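Next comes structure_35.cif, a file with mmCIF, C-alpha atoms and all ligand atoms.
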```cif
data_input
loop_
_atom_site.label_atom_id
_atom_site.label_comp_id
_atom_site.auth_asym_id
_atom_site.auth_seq_id
_atom_site.Cartn_x
_atom_site.Cartn_y
_atom_site.Cartn_z
CA MET A 4 -20.87 3.14 22.00
CA LEU A 5 -18.76 6.15 21.06
CA THR A 6 -18.37 6.91 17.36
CA VAL A 7 -15.41 8.95 16.13
CA ASN A 8 -14.22 9.82 12.64
CA ALA A 9 -10.94 11.60 13.38
CA VAL A 10 -7.74 10.33 14.94
CA GLU A 11 -7.64 13.13 17.56
CA GLY A 12 -10.94 11.97 19.09
CA LEU A 13 -9.86 8.35 18.92
CA ARG A 14 -6.58 9.11 20.72
CA ALA A 15 -8.33 11.19 23.41
CA HIS A 16 -10.69 8.33 24.36
CA VAL A 17 -8.12 5.55 24.12
CA GLY A 18 -5.59 7.68 26.02
CA ARG A 19 -8.07 8.11 28.88
CA TRP A 20 -8.73 4.38 29.08
CA ARG A 21 -5.04 3.61 28.99
CA LYS A 22 -4.36 6.10 31.80
CA ALA A 23 -6.97 4.26 33.86
CA GLY A 24 -4.91 1.07 33.35
CA MET A 25 -7.29 -0.55 30.88
CA ARG A 26 -6.28 -3.08 28.24
CA ILE A 27 -7.40 -2.15 24.71
CA ALA A 28 -8.45 -4.65 22.02
CA PHE A 29 -8.92 -3.72 18.37
CA VAL A 30 -11.00 -5.32 15.61
CA PRO A 31 -10.32 -3.80 12.16
CA THR A 32 -13.08 -4.36 9.57
CA MET A 33 -14.31 -3.07 6.23
CA GLY A 34 -17.90 -3.00 7.53
CA ASN A 35 -20.96 -4.79 6.16
CA LEU A 36 -20.74 -6.72 9.39
CA HIS A 37 -22.11 -10.21 9.96
CA ALA A 38 -21.92 -12.90 12.64
CA GLY A 39 -18.34 -13.68 11.59
CA HIS A 40 -17.23 -10.16 12.50
CA MET A 41 -19.23 -10.28 15.71
CA SER A 42 -17.35 -13.43 16.76
CA LEU A 43 -14.14 -11.35 16.45
CA VAL A 44 -15.73 -8.74 18.70
CA SER A 45 -16.61 -11.43 21.29
CA ARG A 46 -13.02 -12.59 21.26
CA ALA A 47 -11.77 -9.04 21.66
CA LEU A 48 -14.09 -8.50 24.63
CA ALA A 49 -12.64 -11.62 26.26
CA HIS A 50 -9.12 -10.20 25.91
CA ALA A 51 -9.50 -6.62 27.06
CA ASP A 52 -11.38 -3.99 29.08
CA ARG A 53 -12.22 -1.82 26.08
CA VAL A 54 -12.85 -2.79 22.45
CA VAL A 55 -12.29 -0.46 19.50
CA CYS A 56 -13.65 -1.52 16.11
CA SER A 57 -12.83 0.26 12.86
CA VAL A 58 -14.97 0.34 9.74
CA PHE A 59 -13.00 1.49 6.72
CA VAL A 60 -13.20 0.22 3.14
CA ASN A 61 -9.53 0.50 2.30
CA PRO A 62 -8.92 1.57 -1.32
CA THR A 63 -5.25 0.55 -1.33
CA GLN A 64 -6.03 -3.17 -0.99
CA PHE A 65 -8.32 -3.31 -4.06
CA GLY A 66 -6.74 -3.82 -7.48
CA PRO A 67 -7.91 -2.18 -10.71
CA GLY A 68 -11.21 -3.76 -11.79
CA GLU A 69 -11.89 -5.18 -8.30
CA ASP A 70 -15.02 -4.33 -6.30
CA PHE A 71 -13.92 -1.23 -4.31
CA GLU A 72 -16.71 1.00 -5.72
CA VAL A 73 -19.48 -1.56 -5.17
CA TYR A 74 -18.16 -3.14 -1.95
CA PRO A 75 -21.25 -3.28 0.32
CA ARG A 76 -21.41 -0.31 2.71
CA THR A 77 -24.02 -0.56 5.48
CA PRO A 78 -23.07 2.04 8.14
CA GLU A 79 -26.36 2.12 10.07
CA GLU A 80 -26.66 -1.66 10.35
CA ASP A 81 -22.97 -1.88 11.32
CA ARG A 82 -23.44 0.68 14.11
CA ASP A 83 -26.45 -1.22 15.49
CA LEU A 84 -24.62 -4.54 15.46
CA LEU A 85 -21.51 -3.11 17.14
CA THR A 86 -23.59 -1.38 19.80
CA ALA A 87 -25.49 -4.60 20.53
CA GLY A 88 -22.19 -6.53 20.51
CA GLY A 89 -20.72 -4.42 23.33
CA VAL A 90 -18.07 -2.49 21.34
CA HIS A 91 -16.95 0.62 23.22
CA LEU A 92 -15.74 2.76 20.33
CA LEU A 93 -16.36 2.72 16.59
CA TYR A 94 -13.65 4.41 14.52
CA ALA A 95 -15.02 5.22 11.06
CA PRO A 96 -12.48 7.46 9.28
CA SER A 97 -12.91 8.92 5.81
CA VAL A 98 -10.39 8.15 3.05
CA ASP A 99 -8.91 11.65 3.60
CA GLU A 100 -8.49 10.98 7.32
CA MET A 101 -6.70 7.69 6.62
CA TYR A 102 -4.62 8.95 3.70
CA PRO A 103 -4.21 12.75 4.12
CA TYR A 104 -1.91 12.96 1.09
CA GLY A 105 -4.08 10.69 -1.06
CA ALA A 106 -4.25 6.90 -1.09
CA ASP A 107 -1.94 6.64 -4.12
CA GLY A 108 0.83 8.80 -2.69
CA ALA A 109 0.82 7.31 0.82
CA THR A 110 3.94 5.79 2.36
CA ARG A 111 3.52 2.08 1.78
CA MET A 112 4.67 -1.03 3.53
CA GLU A 113 6.45 -3.81 1.72
CA ILE A 114 6.05 -7.35 2.85
CA ALA A 115 8.05 -10.52 2.94
CA SER A 116 7.75 -13.36 0.43
CA LEU A 117 4.38 -14.54 1.77
CA ALA A 118 2.66 -11.78 -0.20
CA GLY A 119 3.40 -13.14 -3.68
CA GLN A 120 1.73 -16.53 -3.25
CA LEU A 121 -1.82 -17.90 -2.91
CA CYS A 122 -4.20 -14.86 -2.97
CA GLY A 123 -1.23 -12.54 -3.49
CA ALA A 124 -0.37 -14.19 -6.82
CA SER A 125 -3.69 -13.24 -8.39
CA ARG A 126 -4.18 -9.97 -6.44
CA PRO A 127 -0.88 -8.10 -6.87
CA GLY A 128 -0.51 -5.27 -4.36
CA HIS A 129 -3.43 -6.51 -2.23
CA PHE A 130 -1.42 -7.49 0.84
CA ALA A 131 0.78 -4.38 0.60
CA GLY A 132 -2.47 -2.39 0.86
CA VAL A 133 -3.65 -4.51 3.79
CA VAL A 134 -0.46 -4.14 5.83
CA THR A 135 -0.24 -0.44 5.02
CA VAL A 136 -3.70 0.23 6.43
CA VAL A 137 -3.33 -2.19 9.36
CA CYS A 138 0.00 -0.60 10.35
CA ARG A 139 -1.60 2.84 10.12
CA LEU A 140 -4.62 1.71 12.15
CA PHE A 141 -2.34 0.15 14.79
CA ASN A 142 -0.49 3.46 15.09
CA MET A 143 -3.78 5.32 15.45
CA VAL A 144 -5.44 2.97 17.95
CA GLN A 145 -2.30 1.66 19.69
CA PRO A 146 -4.07 -1.50 20.89
CA ASP A 147 -2.63 -4.13 23.22
CA VAL A 148 -4.28 -6.89 21.22
CA ALA A 149 -5.88 -7.11 17.76
CA VAL A 150 -8.21 -9.82 16.48
CA PHE A 151 -8.31 -11.13 12.88
CA GLY A 152 -10.39 -13.93 11.36
CA GLU A 153 -8.84 -17.17 10.15
CA LYS A 154 -10.93 -17.08 6.97
CA ASP A 155 -8.28 -14.70 5.59
CA PHE A 156 -5.60 -17.08 6.79
CA GLN A 157 -2.89 -15.58 4.57
CA GLN A 158 -3.75 -12.08 5.80
CA LEU A 159 -3.47 -13.30 9.40
CA ALA A 160 -0.06 -14.90 8.70
CA ILE A 161 1.20 -11.74 6.96
CA ILE A 162 0.06 -9.50 9.82
CA ARG A 163 1.70 -11.78 12.39
CA ARG A 164 4.87 -11.57 10.34
CA MET A 165 4.67 -7.76 10.06
CA VAL A 166 4.24 -7.43 13.82
CA ARG A 167 7.25 -9.68 14.44
CA ASP A 168 9.45 -8.09 11.75
CA LEU A 169 8.71 -4.55 12.97
CA ALA A 170 8.63 -5.40 16.70
CA MET A 171 5.15 -3.89 17.08
CA PRO A 172 3.88 -4.17 20.66
CA VAL A 173 0.55 -5.76 19.64
CA GLU A 174 -0.61 -9.29 20.41
CA ILE A 175 -2.32 -10.82 17.36
CA VAL A 176 -5.22 -13.19 18.06
CA GLY A 177 -6.72 -15.38 15.31
CA ALA A 178 -10.42 -16.27 15.50
CA PRO A 179 -11.91 -19.44 13.95
CA ILE A 180 -14.03 -19.22 10.81
CA ARG A 181 -17.76 -18.73 11.36
CA ARG A 182 -19.86 -20.77 8.94
CA GLU A 183 -23.44 -20.81 7.74
CA ALA A 184 -25.42 -23.96 8.65
CA ASP A 185 -24.43 -25.59 5.33
CA GLY A 186 -20.71 -24.91 5.86
CA LEU A 187 -20.20 -21.82 3.69
CA ALA A 188 -17.70 -19.49 5.39
CA MET A 189 -19.38 -16.20 6.32
CA SER A 190 -18.21 -13.33 4.12
CA SER A 191 -19.47 -9.95 2.99
CA ARG A 192 -18.85 -11.10 -0.59
CA ASN A 193 -21.39 -13.95 -0.25
CA ARG A 194 -24.02 -11.36 -1.07
CA TYR A 195 -22.71 -11.28 -4.66
CA LEU A 196 -23.98 -14.87 -5.12
CA THR A 197 -27.27 -15.47 -6.91
CA ALA A 198 -29.74 -17.82 -5.15
CA GLU A 199 -28.64 -20.65 -7.41
CA GLU A 200 -24.91 -20.00 -6.82
CA ARG A 201 -25.54 -19.75 -3.08
CA GLU A 202 -26.87 -23.36 -3.20
CA ARG A 203 -23.63 -24.54 -4.82
CA ALA A 204 -21.24 -22.38 -2.77
CA PRO A 205 -20.77 -24.82 0.20
CA GLU A 206 -19.08 -27.25 -2.22
CA LEU A 207 -15.89 -25.23 -1.65
CA TYR A 208 -15.89 -26.12 2.06
CA ARG A 209 -16.98 -29.72 1.39
CA THR A 210 -14.08 -30.16 -1.03
CA LEU A 211 -11.60 -28.81 1.52
CA VAL A 212 -13.03 -31.11 4.21
CA SER A 213 -12.81 -34.19 2.03
CA LEU A 214 -9.18 -33.40 1.10
CA SER A 215 -8.30 -32.70 4.70
CA ASP A 216 -9.97 -35.96 5.79
CA ALA A 217 -7.96 -37.88 3.18
CA LEU A 218 -4.72 -36.23 4.38
CA ALA A 219 -5.63 -36.94 8.00
CA ALA A 220 -6.19 -40.59 7.05
CA GLY A 221 -2.60 -40.73 5.73
CA ALA A 222 -2.95 -39.99 1.99
CA LEU A 223 0.38 -38.63 0.74
CA ASP A 224 -0.17 -38.10 -2.98
CA TRP A 225 -1.06 -34.39 -2.78
CA PRO A 226 -0.85 -33.75 -6.57
CA ALA A 227 -3.52 -36.46 -7.13
CA LEU A 228 -5.72 -35.16 -4.31
CA ARG A 229 -5.34 -31.62 -5.59
CA ALA A 230 -6.35 -32.64 -9.12
CA GLU A 231 -9.41 -34.41 -7.70
CA GLY A 232 -10.35 -31.35 -5.65
CA LEU A 233 -9.95 -28.96 -8.60
CA ALA A 234 -12.08 -31.22 -10.81
CA ARG A 235 -14.76 -31.38 -8.11
CA LEU A 236 -14.86 -27.58 -7.86
CA GLU A 237 -15.05 -27.19 -11.63
CA ARG A 238 -17.93 -29.69 -11.78
CA ALA A 239 -19.76 -27.51 -9.25
CA GLY A 240 -19.33 -24.47 -11.52
CA PHE A 241 -16.39 -22.81 -9.73
CA GLU A 242 -13.39 -21.30 -11.50
CA PRO A 243 -10.64 -22.30 -9.06
CA ASP A 244 -7.79 -19.86 -8.49
CA TYR A 245 -5.71 -22.12 -6.24
CA LEU A 246 -6.00 -25.19 -4.07
CA GLU A 247 -2.90 -25.71 -1.95
CA ILE A 248 -1.49 -27.13 1.26
CA ARG A 249 0.79 -25.07 3.48
CA HIS A 250 2.32 -25.16 6.93
CA GLY A 251 -0.46 -24.30 9.39
CA GLU A 252 1.46 -21.52 11.13
CA ASP A 253 3.71 -19.65 8.72
CA LEU A 254 2.24 -20.83 5.38
CA SER A 255 5.61 -22.15 4.22
CA ILE A 256 5.54 -24.78 1.47
CA VAL A 257 5.59 -28.24 3.08
CA GLY A 258 4.66 -31.83 2.28
CA PRO A 259 1.32 -33.47 3.18
CA GLU A 260 2.84 -35.33 6.14
CA VAL A 261 3.65 -32.12 8.06
CA ARG A 262 1.47 -30.92 10.96
CA PRO A 263 -0.05 -28.46 11.55
CA LEU A 264 -1.20 -28.27 7.95
CA ARG A 265 -3.75 -25.99 6.23
CA VAL A 266 -5.62 -26.76 3.05
CA LEU A 267 -6.47 -23.44 1.38
CA ALA A 268 -8.50 -22.53 -1.68
CA ALA A 269 -9.80 -19.55 -3.61
CA ALA A 270 -12.33 -19.88 -6.41
CA GLU A 271 -14.68 -17.70 -8.35
CA LEU A 272 -18.37 -18.48 -8.42
CA GLY A 273 -20.25 -16.02 -10.58
CA ARG A 274 -19.31 -12.50 -9.40
CA ALA A 275 -17.95 -13.70 -6.06
CA ARG A 276 -14.36 -14.66 -5.29
CA LEU A 277 -14.65 -17.06 -2.37
CA ILE A 278 -11.79 -18.11 -0.12
CA ASP A 279 -11.75 -20.77 2.57
CA ASN A 280 -9.36 -23.01 4.47
CA VAL A 281 -9.37 -25.98 6.80
CA GLY A 282 -6.78 -26.96 9.39
CA LEU A 283 -5.77 -30.55 9.97
CA SER A 284 -7.10 -31.67 13.34
CA GLY A 285 -5.61 -28.62 15.04
CA PRO A 286 -7.38 -26.90 17.92
CA ASP A 287 -7.62 -23.77 15.77
CA THR A 288 -10.49 -24.87 13.57
CA ASP A 289 -14.20 -24.90 14.33
CA ARG A 290 -14.86 -28.05 12.29
O1 LIG B 1 -10.00 -8.31 6.69
C1 LIG B 1 -10.41 -7.17 6.41
O2 LIG B 1 -11.61 -6.85 6.51
C2 LIG B 1 -9.42 -6.12 5.90
O3 LIG B 1 -8.46 -6.70 5.08
C3 LIG B 1 -8.77 -5.31 7.03
C4 LIG B 1 -7.93 -6.18 7.93
C5 LIG B 1 -9.85 -4.61 7.84
C6 LIG B 1 -7.86 -4.23 6.44
O4 LIG B 1 -8.56 -3.36 5.62
#
```
What is this file in structure tokens?
Ligand code: PAF
Amino acid sequence: MLTVNAVEGLRAHVGRWRKAGMRIAFVPTMGNLHAGHMSLVSRALAHADRVVCSVFVNPTQFGPGEDFEVYPRTPEEDRDLLTAGGVHLLYAPSVDEMYPYGADGATRMEIASLAGQLCGASRPGHFAGVVTVVCRLFNMVQPDVAVFGEKDFQQLAIIRRMVRDLAMPVEIVGAPIRREADGLAMSSRNRYLTAEERERAPELYRTLVSLSDALAAGALDWPALRAEGLARLERAGFEPDYLEIRHGEDLSIVGPEVRPLRVLAAAELGRARLIDNVGLSGPDTDR
């Protein structure tokens, strides 16, 4: 696996591959890689001749008081995993390389209405930071296809929307959520959980599954189901941020009878903010 830190090197390698007629896939990450990320890499390998993966902890998507400083950084382990996973090029830029005029002064993207709801409501500016860095990374890598996980379902929907709105020539592929054996969605932030919180954490997924099962069975009183779900999470020690249903493609606000439908939640458990979602009997879920 090639490792490059500067855009010139990245462009030289990718340019050579492109000249040889190869299709390029891209997997952007913030590092601290786990099996969830590696499933994105497998998908990317299935879609292209060459796979580029970036590791960059992006300061512009963290709000004041969030975990940017302490976000887990594990460069050696990441490099080993990516090498073993068959990635062809690791792009690991510094903050200066990504934002030559400083992260605060960088030209920023604005996004459509999707950004102010769900996670965006409690993390103002987060999705603007995500699309800013993803747009910049797309311009640097110029991939044919890019793979994003469905765990960050709102991020995936916002990136699809950005690509459509700005006519970017990149195919966006969503990859199903990878879960631990007890159902907890894999996430770098799971390492913030204490042993005791880790035991309780799968209750988030179980709650989403039971709501989704009720909806699939024809239940239509979403406010009642939602109240039940929130109470269940609180009993398990979570501080819920939101528990909502949305259209399963564009995240528009819809009723419980609509398909495809997603049930989405975010909740704090100790130091960790966990997010998860479940699709209603669509092919795009690994349930
Ligand atoms: O999903 C992530 O890890 C990040 O939001 C991304 C897409 C790499 C942008 O920093």
Which residues, written as a PDB file with C-alpha atoms, in the coordinates of the input, have at least one atom at most 9 Å from A:Leu218, with all atoms listed in the file counted and residues fewer than 3 positions away on the same chain left out?
```
ATOM      1  CA  SER A 213     -12.810 -34.190   2.030  1.00  0.00           C
ATOM      2  CA  LEU A 214      -9.180 -33.400   1.100  1.00  0.00           C
ATOM      3  CA  SER A 215      -8.300 -32.700   4.700  1.00  0.00           C
ATOM      4  CA  GLY A 221      -2.600 -40.730   5.730  1.00  0.00           C
ATOM      5  CA  ALA A 222      -2.950 -39.990   1.990  1.00  0.00           C
ATOM      6  CA  LEU A 223       0.380 -38.630   0.740  1.00  0.00           C
ATOM      7  CA  ASP A 224      -0.170 -38.100  -2.980  1.00  0.00           C
ATOM      8  CA  TRP A 225      -1.060 -34.390  -2.780  1.00  0.00           C
ATOM      9  CA  LEU A 228      -5.720 -35.160  -4.310  1.00  0.00           C
ATOM     10  CA  PRO A 259       1.320 -33.470   3.180  1.00  0.00           C
ATOM     11  CA  GLU A 260       2.840 -35.330   6.140  1.00  0.00           C
ATOM     12  CA  LEU A 283      -5.770 -30.550   9.970  1.00  0.00           C
TER      13      LEU A 283
END
```
For each of A:Lys22, A:His40, A:Arg76, A:Arg265, take the minimum atom-to-atom distance to ligand LIG 1 (chain B), counting only C-alpha atoms and all ligand atoms, then give the residue where this is smallest.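 Closest to ligand LIG 1 (chain B), using only C-alpha atoms and all ligand atoms: A:His40.
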A:Ile248, A:Met189, A:Ala131, A:Val166 ranked by distance to A:Pro263, top pick (using all atoms listed in the file):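 Residue with the minimum atom-to-atom distance to A:Pro263: A:Ile248.
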In Å to one decimal, how far is atom CA of A:Phe156 from atom CA of A:Ser255?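 Separation between atom CA of A:Ser255 and atom CA of A:Phe156: 12.6 Å.
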Which neighbours of A:Glu183 fall inside 12 Å, counting only C-alpha atoms, when residues of the same chain fewer than 2 positions from it are skipped, and could you give them as a ChimeraX atom specification? /A:37-39,180-181,185-190,193,201-202,204-205,208
Could you please extract the residues within 10 Å of ligand LIG 1 (chain B), counting all atoms listed in the file, and hand them back as a PyMOL selection string? chain A and resi 30-36+40+56-65+129-130+132-138+140+150-156+158-159+162+190-191
